[in-house]
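Student: Structure file input-v1.tsv, TSV, C-alpha atoms, is pasted below:
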```tsv
chain	number	residue	atom	x	y	z
E	1	MET	CA	-22.35	-41.47	323.66
E	2	SER	CA	-24.63	-38.71	322.44
E	3	THR	CA	-26.21	-38.57	318.99
E	4	ARG	CA	-27.17	-35.83	316.59
E	5	LEU	CA	-30.76	-34.65	316.67
E	6	ARG	CA	-32.65	-34.57	313.40
E	7	LYS	CA	-34.99	-31.73	312.57
E	8	GLY	CA	-38.17	-31.97	314.64
E	9	GLN	CA	-36.63	-34.22	317.28
E	10	ALA	CA	-36.53	-33.06	320.89
E	11	PRO	CA	-33.55	-33.72	323.16
E	12	THR	CA	-34.03	-36.27	325.93
E	13	LYS	CA	-32.00	-34.13	328.32
E	14	ARG	CA	-31.51	-30.38	328.61
E	15	MET	CA	-28.06	-29.99	330.07
E	16	ALA	CA	-27.49	-26.51	331.45
E	17	HIS	CA	-24.71	-24.48	333.02
E	18	ILE	CA	-25.07	-22.35	336.11
E	19	TRP	CA	-22.75	-19.60	337.21
E	20	ASP	CA	-23.46	-18.28	340.67
E	21	ALA	CA	-22.29	-14.67	340.59
E	22	SER	CA	-22.95	-14.28	344.31
E	23	ARG	CA	-20.40	-17.00	345.08
E	24	CYS	CA	-17.82	-16.28	342.40
E	25	ILE	CA	-14.53	-14.89	343.73
E	26	ALA	CA	-13.23	-13.97	340.25
E	27	CYS	CA	-10.17	-16.16	340.60
E	28	GLY	CA	-10.23	-17.20	336.94
E	29	ALA	CA	-9.71	-20.88	337.74
E	30	CYS	CA	-12.57	-21.91	335.45
E	31	VAL	CA	-11.12	-19.94	332.54
E	32	MET	CA	-7.69	-21.46	333.00
E	33	ALA	CA	-9.07	-24.95	333.58
E	34	CYS	CA	-11.06	-24.72	330.37
E	35	THR	CA	-8.04	-23.83	328.24
E	36	SER	CA	-5.65	-26.23	329.93
E	37	THR	CA	-8.14	-29.07	329.55
E	38	ASN	CA	-9.51	-28.49	326.07
E	39	SER	CA	-6.83	-26.45	324.28
E	40	PRO	CA	-3.55	-26.88	326.17
E	41	ASP	CA	-1.59	-25.69	323.14
E	42	MET	CA	-3.22	-22.26	323.56
E	43	MET	CA	-2.09	-21.69	327.14
E	44	THR	CA	0.70	-19.38	326.05
E	45	ARG	CA	-0.97	-17.90	322.99
E	46	GLU	CA	-3.43	-15.11	322.52
E	47	GLU	CA	-6.77	-15.21	320.71
E	48	LYS	CA	-6.18	-12.37	318.25
E	49	GLY	CA	-9.82	-11.35	317.96
E	50	TRP	CA	-10.44	-11.11	321.68
E	51	LYS	CA	-6.86	-10.09	322.50
E	52	SER	CA	-6.97	-12.37	325.51
E	53	LEU	CA	-6.53	-15.99	326.52
E	54	ALA	CA	-8.19	-18.38	324.09
E	55	SER	CA	-10.72	-20.01	326.36
E	56	ASN	CA	-14.28	-21.19	325.93
E	57	ILE	CA	-15.16	-18.95	328.90
E	58	ARG	CA	-14.84	-15.21	328.50
E	59	ARG	CA	-14.45	-12.90	331.45
E	60	ILE	CA	-16.03	-9.51	330.88
E	61	ASP	CA	-15.14	-6.72	333.27
E	62	SER	CA	-17.55	-3.83	333.33
E	63	VAL	CA	-19.10	-1.21	335.54
E	64	SER	CA	-22.69	-1.30	336.73
E	65	ALA	CA	-25.15	1.55	336.38
E	66	HIS	CA	-24.32	2.47	339.97
E	67	GLY	CA	-20.63	2.70	339.20
E	68	ARG	CA	-19.70	-0.58	340.86
E	69	PRO	CA	-17.20	-2.87	339.17
E	70	GLU	CA	-18.76	-6.05	337.85
E	71	ILE	CA	-17.58	-9.19	336.18
E	72	LEU	CA	-19.51	-11.54	333.97
E	73	LEU	CA	-18.45	-14.96	332.78
E	74	VAL	CA	-19.88	-15.80	329.37
E	75	GLN	CA	-19.66	-19.05	327.48
E	76	CYS	CA	-21.70	-21.07	325.02
E	77	GLN	CA	-25.30	-20.93	326.20
E	78	HIS	CA	-26.30	-24.18	324.43
E	79	CYS	CA	-29.32	-22.30	323.12
E	80	GLU	CA	-32.47	-24.26	322.43
E	81	VAL	CA	-32.95	-22.08	319.34
E	82	ALA	CA	-29.29	-21.80	318.42
E	83	PRO	CA	-28.41	-19.33	315.64
E	84	CYS	CA	-25.12	-21.14	315.00
E	85	VAL	CA	-26.99	-24.34	314.13
E	86	THR	CA	-29.26	-22.70	311.60
E	87	THR	CA	-26.57	-20.57	309.98
E	88	CYS	CA	-24.05	-23.37	309.48
E	89	PRO	CA	-24.33	-24.11	305.75
E	90	PHE	CA	-22.82	-27.58	306.12
E	91	GLY	CA	-24.63	-28.90	309.18
E	92	ALA	CA	-21.38	-29.12	311.14
E	93	THR	CA	-22.93	-27.46	314.19
E	94	TYR	CA	-25.76	-29.45	315.67
E	95	MET	CA	-27.69	-30.18	318.83
E	96	ASP	CA	-27.22	-33.58	320.41
E	97	ASP	CA	-29.72	-35.59	322.43
E	98	ASN	CA	-28.36	-34.01	325.64
E	99	GLY	CA	-29.47	-30.61	324.38
E	100	MET	CA	-25.90	-29.44	323.90
E	101	ILE	CA	-24.60	-27.67	320.82
E	102	ARG	CA	-21.70	-29.56	319.32
E	103	LEU	CA	-19.39	-29.30	316.34
E	104	ASP	CA	-18.55	-32.08	313.92
E	105	PRO	CA	-15.03	-31.22	312.65
E	106	ARG	CA	-15.43	-33.52	309.65
E	107	MET	CA	-18.10	-31.23	308.22
E	108	CYS	CA	-16.58	-27.85	309.04
E	109	ALA	CA	-15.14	-25.84	306.16
E	110	GLY	CA	-14.25	-22.84	308.33
E	111	CYS	CA	-16.73	-20.34	306.91
E	112	SER	CA	-17.08	-18.79	310.41
E	113	TYR	CA	-20.78	-18.05	310.02
E	114	CYS	CA	-21.30	-19.64	313.43
E	115	VAL	CA	-18.79	-17.22	314.95
E	116	THR	CA	-20.52	-14.13	313.64
E	117	SER	CA	-24.06	-15.39	314.21
E	118	CYS	CA	-23.51	-16.05	317.93
E	119	PRO	CA	-25.08	-13.14	319.80
E	120	TYR	CA	-22.94	-13.95	322.86
E	121	ASN	CA	-19.63	-13.74	320.98
E	122	VAL	CA	-18.29	-16.88	322.62
E	123	ARG	CA	-16.82	-18.74	319.68
E	124	TRP	CA	-13.20	-18.34	318.71
E	125	PHE	CA	-11.01	-19.70	315.95
E	126	HIS	CA	-8.17	-22.03	316.67
E	127	PRO	CA	-5.25	-20.57	314.68
E	128	ASP	CA	-3.89	-23.99	313.66
E	129	SER	CA	-6.91	-26.21	313.06
E	130	LYS	CA	-9.11	-23.24	311.98
E	131	LEU	CA	-11.99	-24.82	313.85
E	132	PRO	CA	-14.52	-22.58	315.63
E	133	LYS	CA	-14.03	-23.54	319.26
E	134	LYS	CA	-16.65	-23.24	321.94
E	135	CYS	CA	-17.87	-24.75	325.17
E	136	MET	CA	-17.76	-27.67	325.46
E	137	GLY	CA	-14.37	-28.69	324.27
E	138	GLY	CA	-13.47	-32.25	323.35
E	139	THR	CA	-12.11	-33.28	326.74
E	140	CYS	CA	-15.07	-31.83	328.64
E	141	LEU	CA	-17.43	-33.74	326.32
E	142	GLU	CA	-15.58	-36.91	327.26
E	143	PHE	CA	-16.08	-36.01	330.93
E	144	VAL	CA	-19.80	-35.50	330.38
E	145	ASP	CA	-20.15	-38.74	328.44
E	146	LYS	CA	-18.64	-40.52	331.46
E	147	GLY	CA	-21.03	-38.77	333.82
E	148	LEU	CA	-18.45	-36.35	335.20
E	149	PRO	CA	-18.84	-32.56	335.42
E	150	PRO	CA	-16.90	-30.40	332.96
E	151	ALA	CA	-13.49	-29.00	333.85
E	152	CYS	CA	-14.73	-25.56	334.92
E	153	VAL	CA	-17.15	-27.06	337.45
E	154	GLN	CA	-14.44	-29.33	338.82
E	155	ALA	CA	-11.91	-26.50	339.12
E	156	CYS	CA	-14.08	-23.87	340.78
E	157	PRO	CA	-12.90	-23.47	344.40
E	158	ALA	CA	-16.04	-21.55	345.43
E	159	ASN	CA	-18.61	-23.98	344.04
E	160	ALA	CA	-19.94	-21.16	341.91
E	161	ARG	CA	-20.42	-23.38	338.89
E	162	ASP	CA	-22.77	-26.26	338.24
E	163	PHE	CA	-23.88	-28.37	335.34
E	164	GLY	CA	-26.88	-30.65	335.08
E	165	ASP	CA	-30.14	-31.67	333.47
E	166	LEU	CA	-33.03	-29.20	333.54
E	167	ASN	CA	-35.46	-32.02	332.71
E	168	ASP	CA	-34.58	-33.76	335.97
E	169	PRO	CA	-36.39	-31.97	338.82
E	170	ASN	CA	-34.00	-33.51	341.34
E	171	SER	CA	-30.80	-32.37	339.62
E	172	SER	CA	-28.68	-29.80	341.42
E	173	VAL	CA	-29.24	-27.19	338.73
E	174	SER	CA	-33.02	-27.59	338.88
E	175	ILE	CA	-32.98	-27.24	342.67
E	176	THR	CA	-30.75	-24.16	342.46
E	177	LEU	CA	-32.96	-22.50	339.87
E	178	ARG	CA	-36.05	-23.21	342.00
E	179	THR	CA	-34.56	-21.79	345.16
E	180	LYS	CA	-32.43	-18.88	343.96
E	181	ARG	CA	-32.96	-15.83	341.82
E	182	SER	CA	-31.40	-16.19	338.40
E	183	ARG	CA	-31.42	-14.66	334.96
E	184	ARG	CA	-30.46	-15.58	331.43
E	185	LEU	CA	-28.41	-13.42	329.10
E	186	LEU	CA	-29.94	-11.67	326.08
E	187	GLU	CA	-33.33	-13.27	326.57
E	188	ASN	CA	-34.79	-10.84	324.07
E	189	SER	CA	-32.73	-12.43	321.29
E	190	GLY	CA	-35.06	-15.43	321.32
E	191	THR	CA	-32.32	-18.03	321.55
E	192	GLU	CA	-33.66	-19.72	324.71
E	193	PRO	CA	-30.24	-20.00	326.34
E	194	LYS	CA	-29.45	-22.70	328.89
E	195	TYR	CA	-26.81	-20.72	330.80
E	196	PHE	CA	-28.10	-19.23	334.03
E	197	VAL	CA	-26.54	-16.48	336.06
E	198	VAL	CA	-27.56	-16.87	339.71
E	199	GLU	CA	-27.67	-13.53	341.45
E	200	GLY	CA	-28.46	-14.53	345.01
E	201	SER	CA	-30.90	-16.34	347.19
X	1	MET	CA	-12.51	1.67	307.59
X	2	ALA	CA	-11.63	-1.58	309.30
X	3	PRO	CA	-13.94	-4.57	308.80
X	4	ALA	CA	-14.49	-4.70	312.56
X	5	ASP	CA	-16.23	-1.31	312.31
X	6	LEU	CA	-19.07	-3.09	310.52
X	7	HIS	CA	-19.33	-6.13	312.74
X	8	TYR	CA	-17.49	-6.50	316.02
X	9	GLN	CA	-16.91	-10.23	315.50
X	10	VAL	CA	-15.19	-9.85	312.15
X	11	ASP	CA	-11.74	-9.98	313.74
X	12	ILE	CA	-12.60	-13.19	315.56
X	13	ALA	CA	-14.06	-14.70	312.40
X	14	HIS	CA	-10.94	-13.71	310.45
X	15	TRP	CA	-13.03	-12.28	307.67
X	16	GLY	CA	-11.60	-9.82	305.21
X	17	TRP	CA	-12.69	-7.65	302.34
X	18	SER	CA	-12.31	-10.54	299.86
X	19	ILE	CA	-15.88	-11.51	300.69
X	20	ALA	CA	-17.00	-8.20	299.15
X	21	TRP	CA	-15.30	-9.18	295.90
X	22	PHE	CA	-17.11	-12.51	296.01
X	23	LEU	CA	-20.44	-10.71	296.31
X	24	TRP	CA	-19.49	-8.41	293.46
X	25	PHE	CA	-18.65	-11.20	291.04
X	26	ILE	CA	-21.44	-13.50	292.07
X	27	GLY	CA	-23.84	-10.58	291.63
X	28	ILE	CA	-22.59	-10.08	288.09
X	29	ALA	CA	-23.07	-13.79	287.41
X	30	GLY	CA	-26.56	-13.85	288.90
X	31	MET	CA	-27.84	-10.73	287.19
X	32	GLY	CA	-26.12	-11.80	284.00
X	33	SER	CA	-27.98	-15.11	284.12
X	34	VAL	CA	-31.28	-13.29	284.26
X	35	ALA	CA	-30.21	-11.10	281.38
X	36	TYR	CA	-29.13	-14.17	279.44
X	37	PHE	CA	-32.68	-15.47	279.58
X	38	PHE	CA	-33.66	-12.55	277.36
X	39	VAL	CA	-30.45	-11.81	275.49
X	40	ARG	CA	-28.74	-14.91	274.19
X	41	ARG	CA	-25.29	-13.63	273.38
X	42	ALA	CA	-22.03	-15.51	273.58
X	43	ALA	CA	-20.20	-12.55	275.13
X	44	LEU	CA	-22.68	-12.48	277.98
X	45	ALA	CA	-22.25	-16.20	278.55
X	46	TYR	CA	-18.47	-15.74	278.80
X	47	VAL	CA	-18.91	-12.92	281.32
X	48	ILE	CA	-21.24	-15.07	283.42
X	49	PHE	CA	-18.88	-18.02	283.36
X	50	GLY	CA	-15.84	-15.91	284.20
X	51	SER	CA	-17.63	-14.16	287.05
X	52	LEU	CA	-18.79	-17.49	288.44
X	53	VAL	CA	-15.27	-18.89	288.47
X	54	VAL	CA	-13.72	-15.79	290.03
X	55	GLY	CA	-16.54	-15.47	292.58
X	56	LEU	CA	-16.17	-19.12	293.50
X	57	LEU	CA	-12.44	-18.68	294.03
X	58	PHE	CA	-13.05	-15.71	296.32
X	59	VAL	CA	-15.64	-17.50	298.43
X	60	VAL	CA	-13.46	-20.57	298.79
X	61	SER	CA	-10.47	-18.42	299.68
X	62	HIS	CA	-12.28	-16.95	302.68
X	63	LEU	CA	-12.96	-20.40	304.13
X	64	GLY	CA	-10.62	-21.20	306.98
X	65	ARG	CA	-10.66	-24.90	306.14
X	66	TRP	CA	-11.14	-24.88	302.37
X	67	TRP	CA	-9.13	-28.08	302.04
X	68	ASN	CA	-11.86	-29.84	304.03
X	69	LEU	CA	-14.60	-28.82	301.58
X	70	PRO	CA	-14.68	-32.09	299.56
X	71	ARG	CA	-14.92	-34.14	302.74
X	72	THR	CA	-17.57	-31.79	304.10
X	73	LEU	CA	-19.73	-32.11	301.00
X	74	TRP	CA	-19.24	-35.88	300.88
X	75	THR	CA	-20.23	-36.28	304.55
X	76	MET	CA	-23.25	-34.01	304.07
X	77	VAL	CA	-24.56	-36.20	301.28
X	78	ILE	CA	-23.72	-39.58	302.80
X	79	GLU	CA	-25.09	-38.77	306.26
X	80	ARG	CA	-27.99	-36.70	304.88
X	81	HIS	CA	-27.22	-33.55	306.85
X	82	LEU	CA	-28.03	-31.21	304.02
X	83	GLN	CA	-29.01	-27.80	305.26
X	84	LEU	CA	-30.62	-26.95	301.93
X	85	GLU	CA	-34.18	-28.20	301.97
X	86	LEU	CA	-36.02	-28.68	298.72
X	87	VAL	CA	-39.34	-27.74	300.29
X	88	ASP	CA	-37.94	-24.39	301.35
X	89	ALA	CA	-36.46	-23.89	297.89
X	90	GLY	CA	-39.91	-24.55	296.44
X	91	ARG	CA	-41.46	-21.97	298.74
X	92	HIS	CA	-38.92	-19.42	297.64
X	93	LEU	CA	-39.69	-20.17	294.01
X	94	HIS	CA	-43.39	-19.73	294.71
X	95	ALA	CA	-42.68	-16.44	296.42
X	96	LEU	CA	-40.85	-15.30	293.33
X	97	GLY	CA	-43.77	-16.34	291.17
X	98	ALA	CA	-41.47	-18.42	289.05
X	99	PRO	CA	-43.60	-21.55	288.71
X	100	HIS	CA	-46.77	-19.60	287.90
X	101	PRO	CA	-47.92	-21.56	284.90
X	102	LEU	CA	-47.82	-25.01	286.45
X	103	GLY	CA	-50.95	-26.83	287.45
X	104	ASP	CA	-54.38	-26.17	286.15
X	105	HIS	CA	-54.92	-22.51	285.62
X	106	ARG	CA	-58.57	-21.83	284.99
X	107	GLY	CA	-59.11	-25.51	284.50
X	108	ARG	CA	-56.63	-26.04	281.74
X	109	PRO	CA	-52.89	-26.56	281.68
X	110	HIS	CA	-50.77	-23.55	281.04
X	111	PRO	CA	-47.65	-24.71	279.21
X	112	LEU	CA	-44.32	-23.67	280.63
X	113	PRO	CA	-41.68	-22.12	278.43
X	114	PRO	CA	-39.15	-24.83	277.58
X	115	ALA	CA	-36.46	-23.19	279.70
X	116	LEU	CA	-38.66	-23.39	282.81
X	117	GLY	CA	-39.93	-26.90	282.27
X	118	TRP	CA	-37.85	-28.22	285.17
X	119	LEU	CA	-40.01	-26.18	287.55
X	120	ARG	CA	-42.92	-28.58	287.13
X	121	TRP	CA	-41.69	-30.58	290.12
X	122	THR	CA	-42.90	-27.82	292.40
X	123	LYS	CA	-46.46	-28.90	291.60
X	124	THR	CA	-45.93	-31.70	294.10
X	125	LEU	CA	-45.66	-29.19	296.93
X	126	GLY	CA	-49.43	-28.80	296.94
X	127	LYS	CA	-49.32	-25.02	297.00
X	128	PRO	CA	-51.78	-23.03	294.92
X	129	ALA	CA	-50.18	-21.44	291.94
X	130	PRO	CA	-49.86	-17.70	292.39
X	131	THR	CA	-51.83	-15.48	290.07
X	132	TRP	CA	-49.96	-14.09	287.13
X	133	PRO	CA	-51.02	-11.47	284.65
X	134	ARG	CA	-51.70	-13.22	281.39
X	135	THR	CA	-51.19	-11.59	278.07
X	136	PRO	CA	-54.00	-11.70	275.54
X	137	CYS	CA	-53.71	-14.25	272.81
X	138	SER	CA	-51.90	-13.26	269.71
X	139	ALA	CA	-49.91	-14.87	267.00
X	140	SER	CA	-46.67	-13.89	268.76
X	141	ALA	CA	-47.62	-15.56	272.05
X	142	PRO	CA	-46.95	-19.28	271.64
X	143	PRO	CA	-48.45	-20.37	275.00
X	144	CYS	CA	-51.94	-19.40	273.77
X	145	THR	CA	-54.00	-22.23	272.42
X	146	ALA	CA	-57.05	-22.30	270.22
X	147	ALA	CA	-59.27	-22.85	273.29
X	148	SER	CA	-58.15	-19.57	274.85
```
Just dump the structure as structure tokens.

Tutor:
Amino acid sequence: MSTRLRKGQAPTKRMAHIWDASRCIACGACVMACTSTNSPDMMTREEKGWKSLASNIRRIDSVSAHGRPEILLVQCQHCEVAPCVTTCPFGATYMDDNGMIRLDPRMCAGCSYCVTSCPYNVRWFHPDSKLPKKCMGGTCLEFVDKGLPPACVQACPANARDFGDLNDPNSSVSITLRTKRSRRLLENSGTEPKYFVVEGS
Amino acid sequence: MAPADLHYQVDIAHWGWSIAWFLWFIGIAGMGSVAYFFVRRAALAYVIFGSLVVGLLFVVSHLGRWWNLPRTLWTMVIERHLQLELVDAGRHLHALGAPHPLGDHRGRPHPLPPALGWLRWTKTLGKPAPTWPRTPCSASAPPCTAAS
């Protein structure tokens, strides 16, 4: 069971997500698995702000500078300098000792400062509980506490997703990041994200 | 103009224009409080109080989980997860020059006006008191002592 970090404390682990864009087949299984696992009541409802499925993973379709169609999967980056943690007036959003950003529902008053302060726009409001949802959801956190990978990693048929500890040099994510070319999103924002987009070998 | 024209996450945050009314009323209360320091009038006190109440209602109304506010505040205090840090508050006060007279100024204590006496706690922060233009002694300036 993970615990809340106090100010000045460093996490013992630095759990990170990897999305391998060179392997992804854009099937959407991770997006669906996320919603069906963490928010099954939202499977048939729309997130009104995004006007799409309410999932902790957002699929962004765009066009590259060369005119090629591109997709990008964005989710909570579990930033080491997380704006949502510092802007939460009640301390409901916090970093745990695994280096993951979590939400304590007992302390959330629904001010939505965390939603607007996230530069990645990956938080959404549950229309019933009014809680700002994000990766990881409650069920995925239970998986991680038991040593299992989150739902998106389990569901991916192309093995394009991975999750592990950056502090462990022998973890699969550390090996992937050593051997393949990767990038982080919005590095100039200073948030030190722990979500890596692998672009190839 | 739609709120989302100002910030693209406004729709997701479910914010509305009521937050602007909160800022309006809380601004009246804040500026009125400063004015009240100089002008002690009952009418001004009523305006400040009314603006505070209305502003508070607006800010609570824009909370998605306003019913959870008592539990939130209780948990914050019990589990000591307060985001407000007194040290930071003290730094802000120093930046404003509010606690200027505390400590030894030119080797002798500079008495605080009675209304600002509570600011003496900031002396414990160990910061040098910012300089402050001092008025020459006169009969109408009570802080002046015979030694000055």

Student: E:Gly137: which residues within 10 Å, counting all atoms listed in the file, same-chain residues fewer than 4 positions away excluded, as a short mmCIF file (atom, residue, chain, number, x, y, z; two decimals) with C-alpha atoms, keeping the file's coordinate frame?

Tutor:
```
data_model
loop_
_atom_site.label_atom_id
_atom_site.label_comp_id
_atom_site.auth_asym_id
_atom_site.auth_seq_id
_atom_site.Cartn_x
_atom_site.Cartn_y
_atom_site.Cartn_z
CA CYS E 34 -11.06 -24.72 330.37
CA THR E 35 -8.04 -23.83 328.24
CA THR E 37 -8.14 -29.07 329.55
CA ASN E 38 -9.51 -28.49 326.07
CA SER E 39 -6.83 -26.45 324.28
CA SER E 55 -10.72 -20.01 326.36
CA ASN E 56 -14.28 -21.19 325.93
CA ARG E 102 -21.70 -29.56 319.32
CA LEU E 103 -19.39 -29.30 316.34
CA LYS E 133 -14.03 -23.54 319.26
CA LEU E 141 -17.43 -33.74 326.32
CA GLU E 142 -15.58 -36.91 327.26
CA PRO E 150 -16.90 -30.40 332.96
CA ALA E 151 -13.49 -29.00 333.85
#
```

Student: Looking at E:Met43, E:Cys118, E:Ala10, E:Ala16, which one is nearest to chain X, with distances taken over only C-alpha atoms?

Tutor: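 Of the candidates, the smallest distance to chain X is held by E:Cys118.
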
Student: I need the chain E residues near chain X as a list in words; criterion: at most 6 Å, counting all atoms listed in the file.

Tutor: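 Close enough to count are Gly49, Pro89, Gly91, Met107, Ala109, Gly110, Cys111, Ser112, Val115, Thr116 and Lys130 of chain E.
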
Student: Name the residues in contact with X:Trp21 at a cut-off of 8 Å, using all atoms listed in the file, excluding same-chain residues fewer than 3 positions from it; report them as a PyMOL selection string.

Tutor: chain X and resi 17-18+24-25+55+58

Student: Restricting the calculation to all atoms listed in the file: of E:Asn167, E:Gln77, E:Ser62, E:Ser36, which residue gets closest to E:Glu187?

Tutor: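 Closest to E:Glu187, using all atoms listed in the file: E:Gln77.
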
Student: Taking 6 positions as the minimum chain separation for residues in the same chain, which residues sit within 9 Å of E:Ala82 when counting all atoms listed in the file? Answer as a list in words.

Tutor: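 Contacts, in chain order: Tyr94, Met95, Ile101, Cys118, Thr191, Glu192 and Pro193 of chain E.
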
Student: Please identify all polymer residues within 9 Å of stretch 26-37 of chain X, counting all atoms listed in the file, omitting same-chain residues fewer than 6 positions from it, and present them as a list in words.

Tutor: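 My reading of the contact set: Leu44, Ala45, Val47, Ile48, Phe49, Gly50, Ser51, Leu52, Val53, Val54, Gly55, Leu56 and Ala115 of chain X.
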
Student: At what distance in Å, to one decimal, does atom CA of E:Trp124 lie from atom CA of E:Asp20?

Tutor: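 For atom CA of E:Asp20 relative to atom CA of E:Trp124, the distance reads 24.2 Å.
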
Student: Please compute the atom CA of E:Arg183-atom CA of E:Asp96 distance, one decimal, in Å.

Tutor: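 Separating atom CA of E:Arg183 from atom CA of E:Asp96 is a distance of 24.2 Å.
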
Student: Using all atoms listed in the file, which of E:Ser171, E:Ser117, E:Gln154, E:Gln75 sits nearest E:Met15?

Tutor: E:Ser171

Student: Figure out the distance between atom CA of E:Ile60 and atom CA of E:Cys30, please, to one decimal in Å.

Tutor: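 Rounded to one decimal, the two atoms are 13.7 Å apart.
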
Student: Extract, using only C-alpha atoms, all DNA, RNA and protein residues at most 10 Å from E:Ala26, discarding same-chain residues fewer than 5 positions from it, and format them as a list in words.

Tutor: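 That gives Ala21, Val31, Arg59, Glu70, Ile71, Leu72, Leu73, Cys156, Ala158 and Ala160 of chain E.
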
Student: For E:Pro40, which residue out of E:Gly190, E:Pro149, E:Gly164, E:Gly138 is the nearest one, using all atoms listed in the file?

Tutor: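 Counting all atoms listed in the file, the residue closest to E:Pro40 is E:Gly138.
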
Student: So which one's closest to E:Lys146, E:Leu166, E:Tyr195, E:Ser2, E:Pro69? Using all atoms listed in the file, please.

Tutor: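 Of all the options, E:Ser2 lies closest to E:Lys146.
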